[in-house]
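Colleague: One structure is given below, represented as structure tokens, and several questions about it will come after.
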Amino acid sequence: MACFIAPAVEAVVMTAVQKHVEKKEAEELRVYTSEEHVVVAEPENKITWARRLKWLNGMLWGGVALLALEHVWHGEIVASFPFLTAVAEGQTMEMLKEIAITGGAMALTITAIWGGVCFAVEKLMAKQDSAVARLLEK
Amino acid sequence: MYFALTLAAAIIATIIWVKNERRNELKLGSLCLIYWGASIMWAVDLVIAWGEEGAAAFETGASATMLGIVVVALGAAIWGVLLAASKRRIAAR
């Protein structure tokens, strides 16, 4: 019906969050080399939150775009008002239920997988850091 | 069928991302994210539909296959646009 609307809402919110975090981190990491020339230096062996959020938004927007095409293909989204066939056919409650259950599950799963990936990358980088530190101690 | 084709595209894109040293320049990570995002969403949809409709939830007809091809092409087209925009941004610097 229109399950992709829930991840689409999350994508809009998280894109706004990403833009805010990008600005904040750029201010923190900014290295001024001269008045006209500004360099933003990303720390080595550290992944910024802006980059992590970019991964989440990449999955959310990518998934939403491809699922929107599927809905157009199946005639669930049309070019005329109210754009959603379910609303035009008086199935608004069923549609909202599907957005909440299926769409909510989609958004939660994507976010949970993203969280797992971030955690795994963090652990991997910590492992690499300690291996480098051990090498330097020798 | 479109789920299977998108999942296959996600796996292939990930293998290319791992093997290609120009992954950042070619924005291969974005291509992987697009396909993985759609694959995960359809996987959730399929699991929920499976509980309601059973095996019928997995569409296998010619239309579903055609949709899968169109979906994979759209993912590649979005990646192409992102890549072109990134190249333009680099050239403008």
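Numbering starts fresh at 1 for the residues of each chain in the structure tokens, the chains themselves are lettered A, B, ... in the order given, and ligands are numbered from 1 as they appear.
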Excluding Lys46 (chain A) and any residue of its chain fewer than 6 positions from it, enumerate the residues within 10 Å of it, using only C-alpha atoms, and give them as a list of chain:residue names.

Modeller: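 What passes the distance filter is A:Val121, A:Glu122, A:Met125, A:Ala126, A:Asp129.
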
Colleague: With a distance cut-off of 12 Å and only C-alpha atoms, select the neighbouring residues of Ala76 (chain B), excluding the residue or stretch itself and same-chain residues fewer than 2 positions from it, and output the selection as an NGL selection string.

Modeller: (:A and (62 or 65-66)) or (:B and (6 or 9-10 or 13 or 27-28 or 30-35 or 69-74 or 78-83))

Colleague: Those selected residues, please, written with N, CA and C atoms and delivered as a short mmCIF file (atom, residue, chain, number, x, y, z; two decimals), in the first residue's frame.

Modeller:
```cif
data_model
loop_
_atom_site.label_atom_id
_atom_site.label_comp_id
_atom_site.auth_asym_id
_atom_site.auth_seq_id
_atom_site.Cartn_x
_atom_site.Cartn_y
_atom_site.Cartn_z
N GLY A 62 18.00 5.11 -0.47
CA GLY A 62 18.10 4.11 -1.55
C GLY A 62 16.90 3.17 -1.51
N ALA A 65 13.60 4.99 -2.48
CA ALA A 65 13.50 5.25 -3.92
C ALA A 65 13.08 3.99 -4.68
N LEU A 66 13.72 2.86 -4.37
CA LEU A 66 13.42 1.63 -5.10
C LEU A 66 12.04 1.08 -4.72
N THR B 6 17.37 -7.74 -6.46
CA THR B 6 18.00 -6.61 -5.74
C THR B 6 19.05 -7.12 -4.76
N ALA B 9 22.06 -8.00 -6.69
CA ALA B 9 22.76 -6.76 -7.06
C ALA B 9 23.54 -6.22 -5.86
N ALA B 10 22.96 -6.31 -4.66
CA ALA B 10 23.63 -5.83 -3.45
C ALA B 10 24.89 -6.64 -3.17
N ALA B 13 27.51 -5.79 -5.91
CA ALA B 13 28.05 -4.44 -5.66
C ALA B 13 29.03 -4.46 -4.49
N LYS B 27 32.52 6.00 -5.84
CA LYS B 27 31.36 6.04 -4.94
C LYS B 27 30.64 4.68 -4.88
N LEU B 28 31.42 3.61 -4.85
CA LEU B 28 30.82 2.27 -4.85
C LEU B 28 30.07 1.99 -3.55
N SER B 30 28.08 4.02 -2.04
CA SER B 30 26.70 4.51 -2.22
C SER B 30 25.85 3.49 -2.98
N LEU B 31 26.47 2.87 -3.99
CA LEU B 31 25.74 1.85 -4.77
C LEU B 31 25.34 0.68 -3.87
N CYS B 32 26.29 0.25 -3.01
CA CYS B 32 26.00 -0.85 -2.08
C CYS B 32 24.86 -0.46 -1.14
N LEU B 33 24.92 0.76 -0.59
CA LEU B 33 23.90 1.19 0.38
C LEU B 33 22.51 1.23 -0.25
N ILE B 34 22.43 1.70 -1.50
CA ILE B 34 21.13 1.77 -2.20
C ILE B 34 20.51 0.36 -2.29
N TYR B 35 21.31 -0.59 -2.78
CA TYR B 35 20.78 -1.96 -2.96
C TYR B 35 20.52 -2.66 -1.62
N ILE B 69 14.42 -6.09 -12.75
CA ILE B 69 15.43 -5.52 -13.66
C ILE B 69 15.33 -3.99 -13.65
N VAL B 70 14.11 -3.47 -13.67
CA VAL B 70 13.90 -2.01 -13.67
C VAL B 70 14.42 -1.41 -12.35
N VAL B 71 14.15 -2.11 -11.23
CA VAL B 71 14.59 -1.63 -9.91
C VAL B 71 16.13 -1.56 -9.85
N VAL B 72 16.78 -2.63 -10.33
CA VAL B 72 18.26 -2.66 -10.32
C VAL B 72 18.79 -1.53 -11.22
N ALA B 73 18.13 -1.31 -12.36
CA ALA B 73 18.55 -0.24 -13.29
C ALA B 73 18.37 1.13 -12.62
N LEU B 74 17.28 1.30 -11.86
CA LEU B 74 17.07 2.59 -11.18
C LEU B 74 18.16 2.83 -10.13
N ILE B 78 20.65 6.01 -10.12
CA ILE B 78 20.82 6.93 -8.97
C ILE B 78 22.32 7.05 -8.65
N TRP B 79 23.00 5.91 -8.66
CA TRP B 79 24.45 5.89 -8.41
C TRP B 79 25.18 6.72 -9.48
N GLY B 80 24.77 6.57 -10.74
CA GLY B 80 25.37 7.35 -11.84
C GLY B 80 25.22 8.85 -11.61
N VAL B 81 24.04 9.26 -11.17
CA VAL B 81 23.79 10.69 -10.90
C VAL B 81 24.69 11.17 -9.75
N LEU B 82 24.78 10.35 -8.67
CA LEU B 82 25.63 10.70 -7.52
C LEU B 82 27.09 10.82 -7.93
N LEU B 83 27.52 9.89 -8.79
CA LEU B 83 28.91 9.87 -9.26
C LEU B 83 29.20 11.11 -10.11
#
```

Colleague: Distance CA of Val64 (chain A)-CA of Lys87 (chain B), one decimal place?

Modeller: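 Distance between the two atoms: 24.7 Å.
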
Colleague: Between A:Leu124, A:Ala86, A:Ile47, A:Val13, single out the one closest to Glu98 (chain A), counting only C-alpha atoms.

Modeller: A:Ala86

Colleague: Go ahead and compute the interatomic distance for CA of Trp42 (chain B) and CA of Gln18 (chain A), in Å to one decimal.

Modeller: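 These atoms are spaced 25.0 Å apart.
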
Colleague: So, with only C-alpha atoms as the atoms that count, which of B:Leu26, B:Ala38, B:Leu67, B:Ala55 lies closest to Ala85 (chain B)?

Modeller: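 Closest residue, counting only C-alpha atoms: B:Leu26.
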
Colleague: What does the distance between CA of Phe81 (chain A) and CA of Pro7 (chain A) come to in Å, to one decimal place?

Modeller: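 Value for the CA of Phe81 (chain A)-CA of Pro7 (chain A) distance: 22.1 Å.
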
Colleague: Looking at A:Val78, A:Ala11, A:Leu67, A:Met1, which one is nearest to chain B, with distances taken over only C-alpha atoms?

Modeller: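 Of all the options, A:Leu67 lies closest to chain B.
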